[in-house]
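K.L.:
Sharing a structure below in structure tokens format, with a few things to ask.
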Amino acid sequence: SQTIHQWPATLVQPVGSPLSLECTVEGTSNPNLYWYRQAAGRGLQLLFYSVGIGQISSEVPQNLSASRPQDRQFILSSKKLLLSDSGFYLCASRGRVYGYTFGSGTRLTVV
Amino acid sequence: GENVEQHPSTLSVQEGDSAVIKCTYSDSASNYFPWYKQELGKGPQLIIDIRSNVGEKKDQRIAVTLNKTAKHFSLHITETQPEDSAVYFCAALDSWGKFQFGAGTQVVVTP
């Protein structure tokens with residue numbers, strides 16, 4: 001079965017600082033990888049998805065970017081954080097089975 | 001694209017009673033419907049899923065029903081326990097191969 005490693009668990013960053021969140025996947029090869037944001041409340045907003053190394057699709061225009069340097073590594077970045085970037089960020093993987101496996105999430109607070 | 005609506009947004013039940021969460025979807029080509037449970041500060045975890053070739057699936061105290069004609073599916077939790085308290089998400093796999101999530105239901109089980 002798949003395992004998603006996501007870190008850090010919590011992060012407090014000042015406005016204007018850079019961001020790098022990392023996600024790695026074990027137990028599957030060539031997975032589809034996803035970054036979601038969950039703001040206060042409960043909805044899951046899809047930010048980026050990737051079907052392979054170097055392939056990134058963006059769902060919404062924003063201050064963030066994503067990269068996939070290796071098959072099982074997915075990185076979410078920002079050059080300059082905004083207050084509105086605060087939220088709970090979730091990485092997800094979809095391998096050979098239908099469903100998603102989610103990581104444990106990163107709570108980002110921009111101050 | 002797919003649009004998934006989830007009701008209710010909040011559900012309070014007495015321990016031992018049943019809880020029912022309902023979702024509707026718009027894409028008639030959707031063929032896979034997972035349910036996720038998210039505890040506070042954690043990533044969502046898959047708890048049960050159903051494919052379009054069956055109408056009902058059960059796993060201990062949890063069951064899911066699907067009505068393809070009406071395009072709705074429901075999660076049923078029987079004999080609720082305090083540890084069932086969480087946010088529950090429904091999802092539908094649309095014809096583009098993407099998951100569309102409901103907005104979530106906060107379930108509170110009171111002793």
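To be explicit about the labels: the chains of the structure tokens are called A, B, and onward in the order shown, and within each one the residues are counted from 1, while ligands get numbers from 1 in the order they are shown.
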Counting only C-alpha atoms, which residues of chain B come no farther than 10 Å from chain A, as an MDAnalysis selection string?

P.N.:
chainID B and resid 9 32:36 38 41:46 48:49 51 87:89 91 93 97:106

K.L.:
Report as a list in words all protein, DNA and RNA residues lying within 6 Å of His72 in chain B, evaluated on only C-alpha atoms, omitting residues in the same chain fewer than 5 positions from it.

P.N.:
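Here the answer would be Cys23, Thr24 and Asn67 of chain B.
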
K.L.:
Selected residues, N, CA and C atoms, written as a compact mmCIF listing (two decimals), in the first residue's frame, please.

P.N.:
# COMPACT_ATOMS: atom_id res chain seq x y z
N CYS B 23 -24.72 12.73 -0.69
CA CYS B 23 -24.03 13.49 -1.73
C CYS B 23 -24.71 13.28 -3.08
N THR B 24 -24.72 14.33 -3.87
CA THR B 24 -25.21 14.23 -5.23
C THR B 24 -24.11 14.63 -6.18
N ASN B 67 -27.23 5.37 -5.91
CA ASN B 67 -28.36 5.38 -6.83
C ASN B 67 -27.91 6.10 -8.09

K.L.:
Going by DSSP on the backbone, which residues of range 5-89 of chain A come out as strand (DSSP E or B)? List them as a PyMOL selection string.

P.N.:
chain A and resi 5-7+10-13+19-26+32-38+45-52+55-58+65-70+73-78+87-89

K.L.:
Within 6 Å of range 10-15 of chain B, counting only C-alpha atoms, which residues show up once you throw out same-chain ones fewer than 5 positions away? Write them as a ChimeraX atom specification, please.

P.N.:
/B:80-81,105-111

K.L.:
List the neighbours of Ser18 in chain B out to 7 Å using only C-alpha atoms; skip same-chain residues closer than 3 positions along the sequence, and give me the result as a PyMOL selection string.

P.N.:
chain B and resi 77-80

K.L.:
For the residues selected in the previous step, produce a file with C-alpha atoms as a PDB file, in the first residue's frame.

P.N.:
ATOM      1  CA  ILE B  77     -22.822   4.958  10.118  1.00  0.00           C
ATOM      2  CA  THR B  78     -24.707   2.776  12.586  1.00  0.00           C
ATOM      3  CA  GLU B  79     -24.242   2.523  16.359  1.00  0.00           C
ATOM      4  CA  THR B  80     -22.162   5.694  16.374  1.00  0.00           C
TER       5      THR B  80
END

K.L.:
With distances taken over only C-alpha atoms, which of A:Leu108, A:Gln55, A:Gly95, A:Ser29 is nearest to Pro8 in chain A?

P.N.:
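Once distances to Pro8 in chain A are computed over only C-alpha atoms, the minimum belongs to A:Leu108.
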
K.L.:
Quick one: everything within 8 Å of Lys80 in chain A, counting only C-alpha atoms, minus sequence neighbours fewer than 6 positions away in the same chain. Send it as number ranges by chain.

P.N.:
A: 15-19, 63

K.L.:
Generate a file of the selected residues that holds all heavy atoms, formatted as a PDB file, in the first residue's frame.

P.N.:
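This went into again.pdb:
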ATOM      1  N   VAL A  15       5.311  37.070   6.085  1.00  0.00           N
ATOM      2  CA  VAL A  15       4.915  37.517   4.746  1.00  0.00           C
ATOM      3  C   VAL A  15       6.166  37.870   3.944  1.00  0.00           C
ATOM      4  O   VAL A  15       7.090  38.494   4.452  1.00  0.00           O
ATOM      5  CB  VAL A  15       3.987  38.743   4.850  1.00  0.00           C
ATOM      6  CG1 VAL A  15       3.805  39.402   3.497  1.00  0.00           C
ATOM      7  CG2 VAL A  15       2.640  38.339   5.424  1.00  0.00           C
ATOM      8  N   GLY A  16       6.190  37.452   2.698  1.00  0.00           N
ATOM      9  CA  GLY A  16       7.315  37.768   1.824  1.00  0.00           C
ATOM     10  C   GLY A  16       8.427  36.747   1.836  1.00  0.00           C
ATOM     11  O   GLY A  16       9.346  36.833   1.004  1.00  0.00           O
ATOM     12  N   SER A  17       8.356  35.783   2.742  1.00  0.00           N
ATOM     13  CA  SER A  17       9.406  34.765   2.804  1.00  0.00           C
ATOM     14  C   SER A  17       9.111  33.650   1.799  1.00  0.00           C
ATOM     15  O   SER A  17       7.977  33.492   1.355  1.00  0.00           O
ATOM     16  CB  SER A  17       9.509  34.189   4.216  1.00  0.00           C
ATOM     17  OG  SER A  17       8.314  33.525   4.572  1.00  0.00           O
ATOM     18  N   PRO A  18      10.122  32.845   1.448  1.00  0.00           N
ATOM     19  CA  PRO A  18       9.881  31.739   0.513  1.00  0.00           C
ATOM     20  C   PRO A  18       9.294  30.531   1.230  1.00  0.00           C
ATOM     21  O   PRO A  18       9.309  30.427   2.452  1.00  0.00           O
ATOM     22  CB  PRO A  18      11.288  31.432  -0.022  1.00  0.00           C
ATOM     23  CG  PRO A  18      12.194  31.836   1.095  1.00  0.00           C
ATOM     24  CD  PRO A  18      11.531  33.001   1.773  1.00  0.00           C
ATOM     25  N   LEU A  19       8.789  29.602   0.419  1.00  0.00           N
ATOM     26  CA  LEU A  19       8.176  28.390   0.970  1.00  0.00           C
ATOM     27  C   LEU A  19       8.625  27.180   0.171  1.00  0.00           C
ATOM     28  O   LEU A  19       8.741  27.238  -1.055  1.00  0.00           O
ATOM     29  CB  LEU A  19       6.647  28.484   0.882  1.00  0.00           C
ATOM     30  CG  LEU A  19       5.868  27.219   1.254  1.00  0.00           C
ATOM     31  CD1 LEU A  19       5.889  27.012   2.770  1.00  0.00           C
ATOM     32  CD2 LEU A  19       4.439  27.290   0.742  1.00  0.00           C
ATOM     33  N   ASN A  63      -0.184  32.295  -6.067  1.00  0.00           N
ATOM     34  CA  ASN A  63       1.159  32.694  -5.705  1.00  0.00           C
ATOM     35  C   ASN A  63       2.082  31.486  -5.529  1.00  0.00           C
ATOM     36  O   ASN A  63       3.212  31.632  -5.110  1.00  0.00           O
ATOM     37  CB  ASN A  63       1.065  33.484  -4.387  1.00  0.00           C
ATOM     38  CG  ASN A  63       2.377  34.023  -3.931  1.00  0.00           C
ATOM     39  OD1 ASN A  63       3.164  34.530  -4.736  1.00  0.00           O
ATOM     40  ND2 ASN A  63       2.666  33.920  -2.646  1.00  0.00           N
TER      41      ASN A  63
END

K.L.:
Identify which of the residues A:Cys23, A:Leu33, A:Ala66, A:Ile56 lies closest to Gln6 in chain A, counting only C-alpha atoms when measuring atom-to-atom distances.

P.N.:
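Closest residue, counting only C-alpha atoms: A:Cys23.
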
K.L.:
May I have the residues within 7 Å of Asn32 in chain A as a list in words, using only C-alpha atoms and disregarding those fewer than 3 positions away in the same chain?

P.N.:
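My list of contacting residues is Ser50, Val51, Gly52, Ser93, Arg94 and Gly95 of chain A.
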
K.L.:
Write the residues of the selection above to a file with all heavy atoms, as a PDB file, in the first residue's frame.

P.N.:
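Final file, out-v1.pdb:
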ATOM      1  N   SER A  50       0.138  16.264 -10.992  1.00  0.00           N
ATOM      2  CA  SER A  50       1.232  15.848 -11.858  1.00  0.00           C
ATOM      3  C   SER A  50       1.056  14.382 -12.244  1.00  0.00           C
ATOM      4  O   SER A  50       0.850  13.539 -11.373  1.00  0.00           O
ATOM      5  CB  SER A  50       2.573  16.042 -11.135  1.00  0.00           C
ATOM      6  OG  SER A  50       3.614  15.464 -11.887  1.00  0.00           O
ATOM      7  N   VAL A  51       1.167  14.093 -13.516  1.00  0.00           N
ATOM      8  CA  VAL A  51       1.043  12.711 -13.999  1.00  0.00           C
ATOM      9  C   VAL A  51       2.406  12.084 -14.252  1.00  0.00           C
ATOM     10  O   VAL A  51       2.488  10.901 -14.604  1.00  0.00           O
ATOM     11  CB  VAL A  51       0.155  12.623 -15.248  1.00  0.00           C
ATOM     12  CG1 VAL A  51      -1.250  13.130 -14.931  1.00  0.00           C
ATOM     13  CG2 VAL A  51       0.762  13.417 -16.394  1.00  0.00           C
ATOM     14  N   GLY A  52       3.480  12.874 -14.096  1.00  0.00           N
ATOM     15  CA  GLY A  52       4.809  12.318 -14.310  1.00  0.00           C
ATOM     16  C   GLY A  52       5.897  13.337 -14.004  1.00  0.00           C
ATOM     17  O   GLY A  52       5.603  14.516 -13.758  1.00  0.00           O
ATOM     18  N   SER A  93      -1.640  11.038  -3.356  1.00  0.00           N
ATOM     19  CA  SER A  93      -1.117  10.185  -4.410  1.00  0.00           C
ATOM     20  C   SER A  93      -2.208   9.256  -4.896  1.00  0.00           C
ATOM     21  O   SER A  93      -3.022   8.777  -4.107  1.00  0.00           O
ATOM     22  CB  SER A  93       0.063   9.361  -3.869  1.00  0.00           C
ATOM     23  OG  SER A  93       0.462   8.380  -4.801  1.00  0.00           O
ATOM     24  N   ARG A  94      -2.212   9.038  -6.180  1.00  0.00           N
ATOM     25  CA  ARG A  94      -3.154   8.078  -6.733  1.00  0.00           C
ATOM     26  C   ARG A  94      -2.350   7.110  -7.584  1.00  0.00           C
ATOM     27  O   ARG A  94      -1.854   7.482  -8.627  1.00  0.00           O
ATOM     28  CB  ARG A  94      -4.213   8.787  -7.556  1.00  0.00           C
ATOM     29  CG  ARG A  94      -5.283   7.871  -8.094  1.00  0.00           C
ATOM     30  CD  ARG A  94      -6.308   8.652  -8.887  1.00  0.00           C
ATOM     31  NE  ARG A  94      -7.092   7.749  -9.702  1.00  0.00           N
ATOM     32  CZ  ARG A  94      -7.749   8.119 -10.794  1.00  0.00           C
ATOM     33  NH1 ARG A  94      -7.703   9.376 -11.178  1.00  0.00           N
ATOM     34  NH2 ARG A  94      -8.452   7.256 -11.473  1.00  0.00           N
ATOM     35  N   GLY A  95      -2.207   5.903  -7.091  1.00  0.00           N
ATOM     36  CA  GLY A  95      -1.410   4.909  -7.786  1.00  0.00           C
ATOM     37  C   GLY A  95      -2.270   3.988  -8.612  1.00  0.00           C
ATOM     38  O   GLY A  95      -3.154   4.420  -9.345  1.00  0.00           O
TER      39      GLY A  95
END

K.L.:
Could you list, as a ChimeraX atom specification, every residue within 10 Å of Ala29 in chain B, counting only C-alpha atoms and ignoring same-chain residues fewer than 6 positions away?

P.N.:
/B:2,52,68,92-96

K.L.:
Which one of A:Val25, A:Leu47, A:Leu82, A:Val110 sits closest to Glu59 in chain A if you count only C-alpha atoms?

P.N.:
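With only C-alpha atoms as the atom set, the closest residue is A:Leu47.
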
K.L.:
So the first atom is CA of Ser84 in chain A and the second is CA of Gln62 in chain A; what is the distance between them in Å, to one decimal place?

P.N.:
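Taking CA of Ser84 in chain A as the start and CA of Gln62 in chain A as the end point, the length is 10.1 Å.
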